[in-house]
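Novice: protein-v9.tsv is reproduced below (TSV, C-alpha atoms and all ligand atoms).
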```tsv
chain	number	residue	atom	x	y	z
Y	1	MET	CA	-19.35	33.59	28.55
Y	2	SER	CA	-15.65	34.35	28.85
Y	3	ALA	CA	-13.97	36.59	26.26
Y	4	LEU	CA	-12.05	33.60	24.88
Y	5	ARG	CA	-15.24	31.54	24.46
Y	6	ARG	CA	-17.02	34.46	22.80
Y	7	PHE	CA	-14.05	34.87	20.44
Y	8	TRP	CA	-14.05	31.16	19.50
Y	9	ALA	CA	-17.85	31.15	19.09
Y	10	SER	CA	-17.68	33.93	16.47
Y	11	THR	CA	-16.98	33.27	12.78
Y	12	ILE	CA	-14.19	35.86	12.72
Y	13	GLY	CA	-12.64	34.26	15.83
Y	14	LYS	CA	-12.46	30.89	14.08
Y	15	LYS	CA	-11.04	32.57	10.95
Y	16	VAL	CA	-8.33	34.25	13.03
Y	17	VAL	CA	-7.49	30.90	14.72
Y	18	MET	CA	-7.34	29.23	11.28
Y	19	ALA	CA	-5.08	32.01	9.94
Y	20	VAL	CA	-2.67	32.12	12.92
Y	21	THR	CA	-2.32	28.32	13.14
Y	22	GLY	CA	-1.97	28.09	9.34
Y	23	LEU	CA	0.84	30.64	9.33
Y	24	LEU	CA	2.60	28.74	12.17
Y	25	LEU	CA	2.32	25.54	10.10
Y	26	VAL	CA	3.84	27.39	7.11
Y	27	LEU	CA	6.86	28.30	9.30
Y	28	PHE	CA	7.23	24.63	10.30
Y	29	LEU	CA	7.00	23.57	6.63
Y	30	ILE	CA	9.70	26.04	5.54
Y	31	GLY	CA	12.00	24.75	8.31
Y	32	HIS	CA	11.21	21.07	7.60
Y	33	MET	CA	11.76	21.50	3.86
Y	34	LEU	CA	15.11	23.30	4.38
Y	35	GLY	CA	16.20	20.61	6.87
Y	36	ASN	CA	15.25	17.84	4.45
Y	37	LEU	CA	17.52	19.37	1.80
Y	38	GLN	CA	20.39	17.90	3.89
Y	39	MET	CA	19.53	14.75	1.89
Y	40	PHE	CA	21.40	16.35	-1.03
Y	41	VAL	CA	24.45	17.06	1.16
Y	42	GLY	CA	24.80	13.39	2.06
Y	43	ALA	CA	23.87	10.57	4.44
Y	44	ASP	CA	26.11	11.80	7.29
Y	45	ALA	CA	24.77	15.35	7.10
Y	46	MET	CA	21.13	14.16	7.09
Y	47	ASN	CA	21.62	11.68	9.95
Y	48	ARG	CA	23.57	14.26	11.98
Y	49	TYR	CA	20.82	16.84	11.41
Y	50	ALA	CA	18.13	14.34	12.54
Y	51	ALA	CA	20.22	13.34	15.59
Y	52	LEU	CA	20.68	17.02	16.50
Y	53	ILE	CA	16.92	17.56	16.51
Y	54	LYS	CA	16.34	14.43	18.60
Y	55	SER	CA	19.07	15.53	21.08
Y	56	THR	CA	16.95	18.57	22.05
Y	57	GLY	CA	14.89	16.17	24.23
Y	58	GLU	CA	12.10	18.03	26.04
Y	59	LEU	CA	12.29	20.96	23.64
Y	60	LEU	CA	11.40	18.57	20.78
Y	61	TRP	CA	8.32	17.41	22.70
Y	62	VAL	CA	7.28	21.02	23.35
Y	63	ALA	CA	7.64	21.74	19.60
Y	64	ARG	CA	5.71	18.54	18.73
Y	65	ALA	CA	2.90	19.47	21.17
Y	66	GLY	CA	2.73	23.00	19.68
Y	67	LEU	CA	2.64	21.59	16.16
Y	68	LEU	CA	-0.10	19.11	17.04
Y	69	ALA	CA	-2.17	21.80	18.81
Y	70	ALA	CA	-1.80	24.12	15.78
Y	71	ALA	CA	-2.83	21.32	13.36
Y	72	VAL	CA	-5.86	20.30	15.49
Y	73	LEU	CA	-7.06	23.93	15.92
Y	74	HIS	CA	-6.53	24.55	12.18
Y	75	ILE	CA	-8.61	21.50	11.23
Y	76	VAL	CA	-11.37	22.07	13.83
Y	77	SER	CA	-11.81	25.74	12.83
Y	78	ALA	CA	-11.87	24.77	9.13
Y	79	VAL	CA	-14.50	22.04	9.72
Y	80	GLN	CA	-16.69	24.32	11.88
Y	81	LEU	CA	-16.48	27.20	9.38
Y	82	THR	CA	-17.47	24.79	6.58
Y	83	MET	CA	-20.48	23.63	8.63
Y	84	ILE	CA	-21.52	27.24	9.39
Y	85	ASN	CA	-21.19	28.03	5.68
Y	86	ARG	CA	-23.26	25.02	4.62
Y	87	ALA	CA	-25.96	25.80	7.20
Y	88	ALA	CA	-26.19	29.35	5.82
Y	89	ARG	CA	-26.75	28.03	2.28
Y	90	PRO	CA	-28.37	24.56	2.55
Y	91	ALA	CA	-28.93	24.30	-1.23
Y	92	ASP	CA	-25.94	24.91	-3.50
Y	93	TYR	CA	-26.14	27.40	-6.38
Y	94	ALA	CA	-28.08	25.95	-9.34
Y	95	LYS	CA	-25.20	27.01	-11.57
Y	96	ARG	CA	-21.75	27.81	-10.21
Y	97	GLU	CA	-19.49	29.87	-12.44
Y	98	PRO	CA	-16.37	30.95	-10.55
Y	99	ALA	CA	-15.61	34.62	-11.26
Y	100	VAL	CA	-12.63	35.49	-9.09
Y	101	SER	CA	-11.69	32.18	-7.46
Y	102	THR	CA	-8.60	30.18	-8.42
Y	103	ILE	CA	-7.96	26.45	-8.47
Y	104	ALA	CA	-6.07	26.97	-5.19
Y	105	SER	CA	-9.03	28.63	-3.45
Y	106	ARG	CA	-11.56	26.11	-4.82
Y	107	THR	CA	-9.55	23.10	-3.60
Y	108	MET	CA	-8.91	24.28	-0.01
Y	109	ARG	CA	-11.34	21.84	1.63
Y	110	VAL	CA	-10.58	18.75	-0.44
Y	111	GLY	CA	-6.86	19.69	-0.26
Y	112	GLY	CA	-7.07	19.89	3.52
Y	113	VAL	CA	-8.54	16.38	3.68
Y	114	VAL	CA	-5.79	15.01	1.37
Y	115	LEU	CA	-3.11	16.70	3.53
Y	116	ALA	CA	-4.58	15.31	6.77
Y	117	ALA	CA	-4.44	11.80	5.24
Y	118	PHE	CA	-0.89	12.50	4.00
Y	119	ILE	CA	0.31	13.53	7.49
Y	120	VAL	CA	-1.09	10.35	9.08
Y	121	PHE	CA	0.68	8.23	6.42
Y	122	HIS	CA	3.87	10.34	6.61
Y	123	ILE	CA	4.28	10.00	10.39
Y	124	GLY	CA	3.65	6.24	10.12
Y	125	HIS	CA	6.15	6.16	7.25
Y	126	PHE	CA	9.16	8.16	8.51
Y	127	THR	CA	8.66	8.86	12.26
Y	128	VAL	CA	7.09	5.70	13.69
Y	129	GLY	CA	7.98	3.30	10.86
Y	130	THR	CA	4.62	1.44	10.73
Y	131	PHE	CA	4.28	1.84	6.94
Y	132	HIS	CA	8.00	1.51	6.22
Y	133	PRO	CA	9.61	-1.60	4.67
Y	134	ALA	CA	12.85	-1.39	6.76
Y	135	PHE	CA	12.65	1.37	9.36
Y	136	SER	CA	15.69	2.37	11.45
Y	137	HIS	CA	15.51	4.77	14.42
Y	138	THR	CA	18.94	6.22	13.67
Y	139	GLY	CA	19.37	5.95	9.89
Y	140	VAL	CA	17.03	8.69	8.66
Y	141	TYR	CA	18.86	8.98	5.31
Y	142	GLY	CA	18.37	5.25	4.67
Y	143	ASN	CA	14.73	5.48	5.77
Y	144	VAL	CA	14.06	8.13	3.11
Y	145	ILE	CA	15.89	6.20	0.36
Y	146	LEU	CA	14.19	2.86	1.14
Y	147	GLY	CA	10.86	4.58	1.83
Y	148	PHE	CA	10.82	5.96	-1.72
Y	149	ARG	CA	11.71	2.62	-3.41
Y	150	SER	CA	8.03	2.14	-4.20
Y	151	PRO	CA	6.90	4.21	-7.23
Y	152	TRP	CA	3.39	4.30	-5.66
Y	153	VAL	CA	4.73	5.99	-2.55
Y	154	VAL	CA	6.70	8.44	-4.75
Y	155	LEU	CA	3.54	9.17	-6.75
Y	156	PHE	CA	1.52	9.72	-3.56
Y	157	TYR	CA	4.13	12.17	-2.22
Y	158	VAL	CA	4.34	14.03	-5.57
Y	159	ILE	CA	0.54	14.44	-5.67
Y	160	ALA	CA	0.37	15.40	-1.96
Y	161	MET	CA	3.12	18.02	-2.43
Y	162	ALA	CA	1.24	19.57	-5.40
Y	163	VAL	CA	-1.88	19.75	-3.20
Y	164	LEU	CA	0.26	21.24	-0.40
Y	165	GLY	CA	1.66	23.91	-2.75
Y	166	LEU	CA	-1.86	25.01	-3.78
Y	167	HIS	CA	-3.17	24.90	-0.19
Y	168	LEU	CA	-0.20	26.86	1.08
Y	169	PHE	CA	-0.44	29.53	-1.64
Y	170	HIS	CA	-4.11	30.33	-1.03
Y	171	GLY	CA	-3.92	29.75	2.74
Y	172	ALA	CA	-0.86	31.96	3.29
Y	173	TRP	CA	-2.09	34.97	1.39
Y	174	SER	CA	-5.71	34.79	2.55
Y	175	GLY	CA	-4.51	34.22	6.14
Y	176	VAL	CA	-2.48	37.44	6.01
Y	177	ARG	CA	-5.57	39.21	4.64
Y	178	THR	CA	-7.83	37.77	7.42
Y	179	LEU	CA	-5.43	39.10	10.05
Y	180	GLY	CA	-5.50	42.53	8.38
Y	181	LEU	CA	-1.70	42.53	8.09
Y	182	ALA	CA	-1.67	43.90	4.53
Y	183	LYS	CA	-3.21	46.94	2.88
Y	184	PRO	CA	-6.05	46.24	0.39
Y	185	SER	CA	-4.72	46.20	-3.18
Y	186	PRO	CA	-5.77	44.54	-6.48
Y	187	ASP	CA	-2.28	42.97	-6.75
Y	188	PRO	CA	-1.01	42.71	-3.15
Y	189	LEU	CA	2.64	42.03	-2.37
Y	190	HIS	CA	1.79	39.32	0.20
Y	191	ARG	CA	0.06	37.35	-2.58
Y	192	LYS	CA	3.31	37.31	-4.59
Y	193	VAL	CA	5.31	36.40	-1.48
Y	194	ALA	CA	2.84	33.56	-0.71
Y	195	LEU	CA	3.21	32.34	-4.31
Y	196	TRP	CA	7.02	32.22	-4.06
Y	197	ILE	CA	6.94	30.52	-0.65
Y	198	ALA	CA	4.48	27.92	-2.01
Y	199	ILE	CA	6.69	27.30	-5.07
Y	200	ALA	CA	9.85	26.96	-2.92
Y	201	VAL	CA	8.18	24.60	-0.40
Y	202	TRP	CA	6.62	22.51	-3.18
Y	203	ALA	CA	9.91	22.28	-5.15
Y	204	GLY	CA	12.08	21.55	-2.08
Y	205	PHE	CA	9.83	18.74	-0.85
Y	206	THR	CA	9.08	17.25	-4.30
Y	207	ALA	CA	12.77	17.16	-5.24
Y	208	ILE	CA	13.47	14.41	-2.66
Y	209	PRO	CA	11.12	11.57	-3.74
Y	210	VAL	CA	11.79	12.46	-7.38
Y	211	ALA	CA	15.59	12.40	-6.86
Y	212	VAL	CA	15.32	8.99	-5.16
Y	213	PHE	CA	13.07	7.70	-7.97
Y	214	LEU	CA	15.59	8.93	-10.60
Y	215	GLU	CA	18.43	7.42	-8.51
Y	216	ILE	CA	20.12	10.80	-8.15
Y	217	LEU	CA	19.93	10.08	-4.42
Y	218	ARG	CA	20.77	6.50	-3.46
Y	301	LIG	C1	9.01	14.82	0.36
Y	301	LIG	C2	8.63	15.47	1.42
Y	301	LIG	C3	9.01	15.11	2.83
Y	301	LIG	C4	10.06	14.36	3.31
Y	301	LIG	C5	11.15	13.64	2.52
Y	301	LIG	C6	9.95	14.33	4.74
Y	301	LIG	C7	10.80	13.66	5.59
Y	301	LIG	C8	10.58	13.46	6.93
Y	301	LIG	C9	11.40	12.62	7.78
Y	301	LIG	C10	12.61	11.83	7.34
Y	301	LIG	C11	10.87	12.68	9.03
Y	301	LIG	C12	11.39	11.94	10.29
Y	301	LIG	C13	12.50	12.75	10.90
Y	301	LIG	C14	13.15	12.06	12.07
Y	301	LIG	O1	12.59	11.13	12.63
Y	301	LIG	O2	14.23	12.52	12.45
Y	301	LIG	C15	9.72	13.55	8.97
Y	301	LIG	C16	8.92	13.87	10.05
Y	301	LIG	C17	7.80	14.68	9.97
Y	301	LIG	N1	7.31	15.31	8.86
Y	301	LIG	FE1	8.09	15.22	7.02
Y	301	LIG	N2	8.87	15.08	5.11
Y	301	LIG	C18	8.26	15.56	3.97
Y	301	LIG	C19	7.12	16.35	3.90
Y	301	LIG	C20	6.35	16.71	4.98
Y	301	LIG	C21	5.16	17.52	4.91
Y	301	LIG	C22	4.61	18.11	3.63
Y	301	LIG	C23	4.66	17.64	6.18
Y	301	LIG	C24	3.45	18.36	6.67
Y	301	LIG	C25	2.41	18.65	5.90
Y	301	LIG	C26	5.55	16.90	7.04
Y	301	LIG	C27	5.38	16.78	8.40
Y	301	LIG	C28	6.18	16.02	9.22
Y	301	LIG	C29	5.93	15.84	10.64
Y	301	LIG	C30	4.79	16.46	11.44
Y	301	LIG	C31	6.94	14.99	11.12
Y	301	LIG	C32	7.13	14.47	12.54
Y	301	LIG	C33	8.09	15.39	13.26
Y	301	LIG	C34	8.43	14.82	14.63
Y	301	LIG	O3	7.54	14.39	15.32
Y	301	LIG	O4	9.58	14.82	14.97
Y	301	LIG	N3	6.57	16.36	6.29
Y	301	LIG	N4	9.56	14.01	7.69
```
Go ahead and express the file in the form of structure tokens.
Ligand code: HEM

Specialist:
Amino acid sequence: MSALRRFWASTIGKKVVMAVTGLLLVLFLIGHMLGNLQMFVGADAMNRYAALIKSTGELLWVARAGLLAAAVLHIVSAVQLTMINRAARPADYAKREPAVSTIASRTMRVGGVVLAAFIVFHIGHFTVGTFHPAFSHTGVYGNVILGFRSPWVVLFYVIAMAVLGLHLFHGAWSGVRTLGLAKPSPDPLHRKVALWIAIAVWAGFTAIPVAVFLEILR
């Protein structure tokens, strides 16, 4: 068995893959959220920003392939770790009283499933246009405004972003711990940093559908 296969076959190997890919996805999310804030600068700024990204040509496809590979590895390692966990304890505890877990840590699996469904909808909504009422390949600002005309879509995004915030908070700080990048502490700094990143990403993303709903953006 090659070293790489042995690494992937081990539980810690899968945890490291989940942590590294998760942290890469957090970097993408920070960049995507900051880019989306161009919506508040204006239609020209947003459309110019989107055109600039598309003008990178092959580089964009390399980034897309990297993003897709990270997402697939993240999901596959999470599913396999869940299966290993379940196999180790076929019957659940008779009574489960969480002592140190948080709502963020307890909702990682269900949150992951919600986010996977969100991403499929989101790409069909704003990148491909399948689920969009009037999609334009060049008018990204207009796509976002028209895409959030439906209160149901706004509600779905608001719920998905809350789930994302929780997933990101627990995932980011526990990922750093898995990789052994922080010293053990009862109140570690990376936990506070993860909390602030999660709050910023949640607020930045949520602001857009809410601003369209309130007609602050139109
Ligand atoms: C309210 C929140 C969000 C808004 C308004 C938004 C907006 C957009 C828009 C307008 C595009 C298309 C850009 C273009 O074609 O130039 C896009 C693409 C994309 N978004 Fe989002 N996004 C949001 C949240 C998210 C979240 C939370 C994720 C991941 C969990 C995400 C992942 C993606 C991906 C993977 C693409 C496709 C990128 C590509 O292939 O070029 N987005 N988003």

Novice: Please give me, as a ChimeraX atom specification, the residues lying within 9 Å of ligand LIG 301 (chain Y) when counting all atoms listed in the file.

Specialist: /Y:25-26,28-29,32-33,35-37,39,46-47,49-54,60-61,63-64,67-68,115-116,118-120,122-123,125-128,137-141,143-144,148,154,157-158,160-161,164,201-202,204-210

Novice: Selected residues, C-alpha atoms, written as a PDB file, keeping the file's coordinate frame, please.

Specialist:
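File written: out_4.pdb
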```pdb
ATOM      1  CA  LEU Y  25       2.320  25.540  10.100  1.00  0.00           C
ATOM      2  CA  VAL Y  26       3.840  27.390   7.110  1.00  0.00           C
ATOM      3  CA  PHE Y  28       7.230  24.630  10.300  1.00  0.00           C
ATOM      4  CA  LEU Y  29       7.000  23.570   6.630  1.00  0.00           C
ATOM      5  CA  HIS Y  32      11.210  21.070   7.600  1.00  0.00           C
ATOM      6  CA  MET Y  33      11.760  21.500   3.860  1.00  0.00           C
ATOM      7  CA  GLY Y  35      16.200  20.610   6.870  1.00  0.00           C
ATOM      8  CA  ASN Y  36      15.250  17.840   4.450  1.00  0.00           C
ATOM      9  CA  LEU Y  37      17.520  19.370   1.800  1.00  0.00           C
ATOM     10  CA  MET Y  39      19.530  14.750   1.890  1.00  0.00           C
ATOM     11  CA  MET Y  46      21.130  14.160   7.090  1.00  0.00           C
ATOM     12  CA  ASN Y  47      21.620  11.680   9.950  1.00  0.00           C
ATOM     13  CA  TYR Y  49      20.820  16.840  11.410  1.00  0.00           C
ATOM     14  CA  ALA Y  50      18.130  14.340  12.540  1.00  0.00           C
ATOM     15  CA  ALA Y  51      20.220  13.340  15.590  1.00  0.00           C
ATOM     16  CA  LEU Y  52      20.680  17.020  16.500  1.00  0.00           C
ATOM     17  CA  ILE Y  53      16.920  17.560  16.510  1.00  0.00           C
ATOM     18  CA  LYS Y  54      16.340  14.430  18.600  1.00  0.00           C
ATOM     19  CA  LEU Y  60      11.400  18.570  20.780  1.00  0.00           C
ATOM     20  CA  TRP Y  61       8.320  17.410  22.700  1.00  0.00           C
ATOM     21  CA  ALA Y  63       7.640  21.740  19.600  1.00  0.00           C
ATOM     22  CA  ARG Y  64       5.710  18.540  18.730  1.00  0.00           C
ATOM     23  CA  LEU Y  67       2.640  21.590  16.160  1.00  0.00           C
ATOM     24  CA  LEU Y  68      -0.100  19.110  17.040  1.00  0.00           C
ATOM     25  CA  LEU Y 115      -3.110  16.700   3.530  1.00  0.00           C
ATOM     26  CA  ALA Y 116      -4.580  15.310   6.770  1.00  0.00           C
ATOM     27  CA  PHE Y 118      -0.890  12.500   4.000  1.00  0.00           C
ATOM     28  CA  ILE Y 119       0.310  13.530   7.490  1.00  0.00           C
ATOM     29  CA  VAL Y 120      -1.090  10.350   9.080  1.00  0.00           C
ATOM     30  CA  HIS Y 122       3.870  10.340   6.610  1.00  0.00           C
ATOM     31  CA  ILE Y 123       4.280  10.000  10.390  1.00  0.00           C
ATOM     32  CA  HIS Y 125       6.150   6.160   7.250  1.00  0.00           C
ATOM     33  CA  PHE Y 126       9.160   8.160   8.510  1.00  0.00           C
ATOM     34  CA  THR Y 127       8.660   8.860  12.260  1.00  0.00           C
ATOM     35  CA  VAL Y 128       7.090   5.700  13.690  1.00  0.00           C
ATOM     36  CA  HIS Y 137      15.510   4.770  14.420  1.00  0.00           C
ATOM     37  CA  THR Y 138      18.940   6.220  13.670  1.00  0.00           C
ATOM     38  CA  GLY Y 139      19.370   5.950   9.890  1.00  0.00           C
ATOM     39  CA  VAL Y 140      17.030   8.690   8.660  1.00  0.00           C
ATOM     40  CA  TYR Y 141      18.860   8.980   5.310  1.00  0.00           C
ATOM     41  CA  ASN Y 143      14.730   5.480   5.770  1.00  0.00           C
ATOM     42  CA  VAL Y 144      14.060   8.130   3.110  1.00  0.00           C
ATOM     43  CA  PHE Y 148      10.820   5.960  -1.720  1.00  0.00           C
ATOM     44  CA  VAL Y 154       6.700   8.440  -4.750  1.00  0.00           C
ATOM     45  CA  TYR Y 157       4.130  12.170  -2.220  1.00  0.00           C
ATOM     46  CA  VAL Y 158       4.340  14.030  -5.570  1.00  0.00           C
ATOM     47  CA  ALA Y 160       0.370  15.400  -1.960  1.00  0.00           C
ATOM     48  CA  MET Y 161       3.120  18.020  -2.430  1.00  0.00           C
ATOM     49  CA  LEU Y 164       0.260  21.240  -0.400  1.00  0.00           C
ATOM     50  CA  VAL Y 201       8.180  24.600  -0.400  1.00  0.00           C
ATOM     51  CA  TRP Y 202       6.620  22.510  -3.180  1.00  0.00           C
ATOM     52  CA  GLY Y 204      12.080  21.550  -2.080  1.00  0.00           C
ATOM     53  CA  PHE Y 205       9.830  18.740  -0.850  1.00  0.00           C
ATOM     54  CA  THR Y 206       9.080  17.250  -4.300  1.00  0.00           C
ATOM     55  CA  ALA Y 207      12.770  17.160  -5.240  1.00  0.00           C
ATOM     56  CA  ILE Y 208      13.470  14.410  -2.660  1.00  0.00           C
ATOM     57  CA  PRO Y 209      11.120  11.570  -3.740  1.00  0.00           C
ATOM     58  CA  VAL Y 210      11.790  12.460  -7.380  1.00  0.00           C
TER      59      VAL Y 210
END
```

Novice: Under the rule that only C-alpha atoms are counted, which of Y:Ala104, Y:Val193, Y:Val113, Y:Val153 is the nearest residue to Leu166 of chain Y?

Specialist: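 Ranking Y:Ala104, Y:Val193, Y:Val113, Y:Val153 by distance to Leu166 of chain Y, first place goes to Y:Ala104.
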
Novice: Show which residues sit within 7 Å of Trp173 of chain Y, as an MDAnalysis selection string. Count all atoms listed in the file, and ignore same-chain residues fewer than 4 positions away.

Specialist: chainID Y and resid 169 177 190:191 194

Novice: Need the shell around Gly171 of chain Y: protein/DNA/RNA residues with any atom at most 8 Å away, counting only C-alpha atoms. Skip same-chain ones fewer than 4 positions apart. Format as a ChimeraX atom specification?

Specialist: /Y:19,22,108,167,175

Novice: So what do you get for atom CA of Leu24 of chain Y versus atom CA of Leu181 of chain Y, distance-wise?

Specialist: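 Interatomic distance here is 15.0 Å.
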
Novice: Could you work out how far atom CA of Gly165 of chain Y lies from atom CA of Val110 of chain Y, giving the answer in Å with one decimal?

Specialist: 13.5 Å

Novice: Select, from Y:Ala45, Y:Ala162, Y:Ala65, Y:Leu73, the residue with the minimum atom-to-atom distance to Lys14 of chain Y, counting all atoms listed in the file.

Specialist: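 The closest residue to Lys14 of chain Y is Y:Leu73.
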
Novice: For a test of reading the model, state the distance in Å between atom CA of His74 of chain Y and atom CA of Gly111 of chain Y, rounded to one decimal.

Specialist: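 We find that atom CA of His74 of chain Y and atom CA of Gly111 of chain Y lie 13.4 Å from each other.
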
Novice: Quick one: segment 166-190 of chain Y with N, CA and C atoms, as a compact mmCIF listing (two decimals), keeping the file's coordinate frame?

Specialist:
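Okay, out.txt is ready:
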```
# COMPACT_ATOMS: atom_id res chain seq x y z
N LEU Y 166 -0.64 24.23 -3.52
CA LEU Y 166 -1.86 25.01 -3.78
C LEU Y 166 -2.48 25.49 -2.47
N HIS Y 167 -2.55 24.59 -1.49
CA HIS Y 167 -3.17 24.90 -0.19
C HIS Y 167 -2.39 26.03 0.49
N LEU Y 168 -1.07 25.89 0.42
CA LEU Y 168 -0.20 26.86 1.08
C LEU Y 168 -0.30 28.24 0.40
N PHE Y 169 -0.35 28.25 -0.92
CA PHE Y 169 -0.44 29.53 -1.64
C PHE Y 169 -1.71 30.28 -1.23
N HIS Y 170 -2.87 29.61 -1.36
CA HIS Y 170 -4.11 30.33 -1.03
C HIS Y 170 -4.19 30.61 0.47
N GLY Y 171 -3.81 29.59 1.28
CA GLY Y 171 -3.92 29.75 2.74
C GLY Y 171 -3.04 30.87 3.25
N ALA Y 172 -1.80 30.95 2.76
CA ALA Y 172 -0.86 31.96 3.29
C ALA Y 172 -1.33 33.37 2.95
N TRP Y 173 -1.75 33.58 1.71
CA TRP Y 173 -2.09 34.97 1.39
C TRP Y 173 -3.45 35.37 1.95
N SER Y 174 -4.41 34.42 1.99
CA SER Y 174 -5.71 34.79 2.55
C SER Y 174 -5.64 34.89 4.07
N GLY Y 175 -4.71 34.13 4.70
CA GLY Y 175 -4.51 34.22 6.14
C GLY Y 175 -3.99 35.60 6.53
N VAL Y 176 -3.03 36.09 5.76
CA VAL Y 176 -2.48 37.44 6.01
C VAL Y 176 -3.59 38.48 5.86
N ARG Y 177 -4.46 38.27 4.87
CA ARG Y 177 -5.57 39.21 4.64
C ARG Y 177 -6.57 39.15 5.82
N THR Y 178 -6.91 37.92 6.26
CA THR Y 178 -7.83 37.77 7.42
C THR Y 178 -7.32 38.53 8.63
N LEU Y 179 -6.00 38.46 8.86
CA LEU Y 179 -5.43 39.10 10.05
C LEU Y 179 -5.25 40.60 9.85
N GLY Y 180 -5.59 41.09 8.65
CA GLY Y 180 -5.50 42.53 8.38
C GLY Y 180 -4.07 43.03 8.39
N LEU Y 181 -3.11 42.14 8.03
CA LEU Y 181 -1.70 42.53 8.09
C LEU Y 181 -1.24 43.25 6.82
N ALA Y 182 -2.10 43.27 5.79
CA ALA Y 182 -1.67 43.90 4.53
C ALA Y 182 -2.74 44.89 4.07
N LYS Y 183 -2.27 45.93 3.37
CA LYS Y 183 -3.21 46.94 2.88
C LYS Y 183 -4.00 46.37 1.70
N PRO Y 184 -5.29 46.74 1.54
CA PRO Y 184 -6.05 46.24 0.39
C PRO Y 184 -5.42 46.73 -0.92
N SER Y 185 -5.31 45.84 -1.88
CA SER Y 185 -4.72 46.20 -3.18
C SER Y 185 -5.19 45.16 -4.20
N PRO Y 186 -5.35 45.54 -5.48
CA PRO Y 186 -5.77 44.54 -6.48
C PRO Y 186 -4.65 43.52 -6.75
N ASP Y 187 -3.38 43.91 -6.50
CA ASP Y 187 -2.28 42.97 -6.75
C ASP Y 187 -1.32 43.03 -5.54
N PRO Y 188 -1.79 42.51 -4.39
CA PRO Y 188 -1.01 42.71 -3.15
C PRO Y 188 0.32 41.98 -3.14
N LEU Y 189 1.29 42.60 -2.46
CA LEU Y 189 2.64 42.03 -2.37
C LEU Y 189 2.62 40.67 -1.65
N HIS Y 190 1.77 40.56 -0.58
CA HIS Y 190 1.79 39.32 0.20
C HIS Y 190 1.28 38.14 -0.62
```
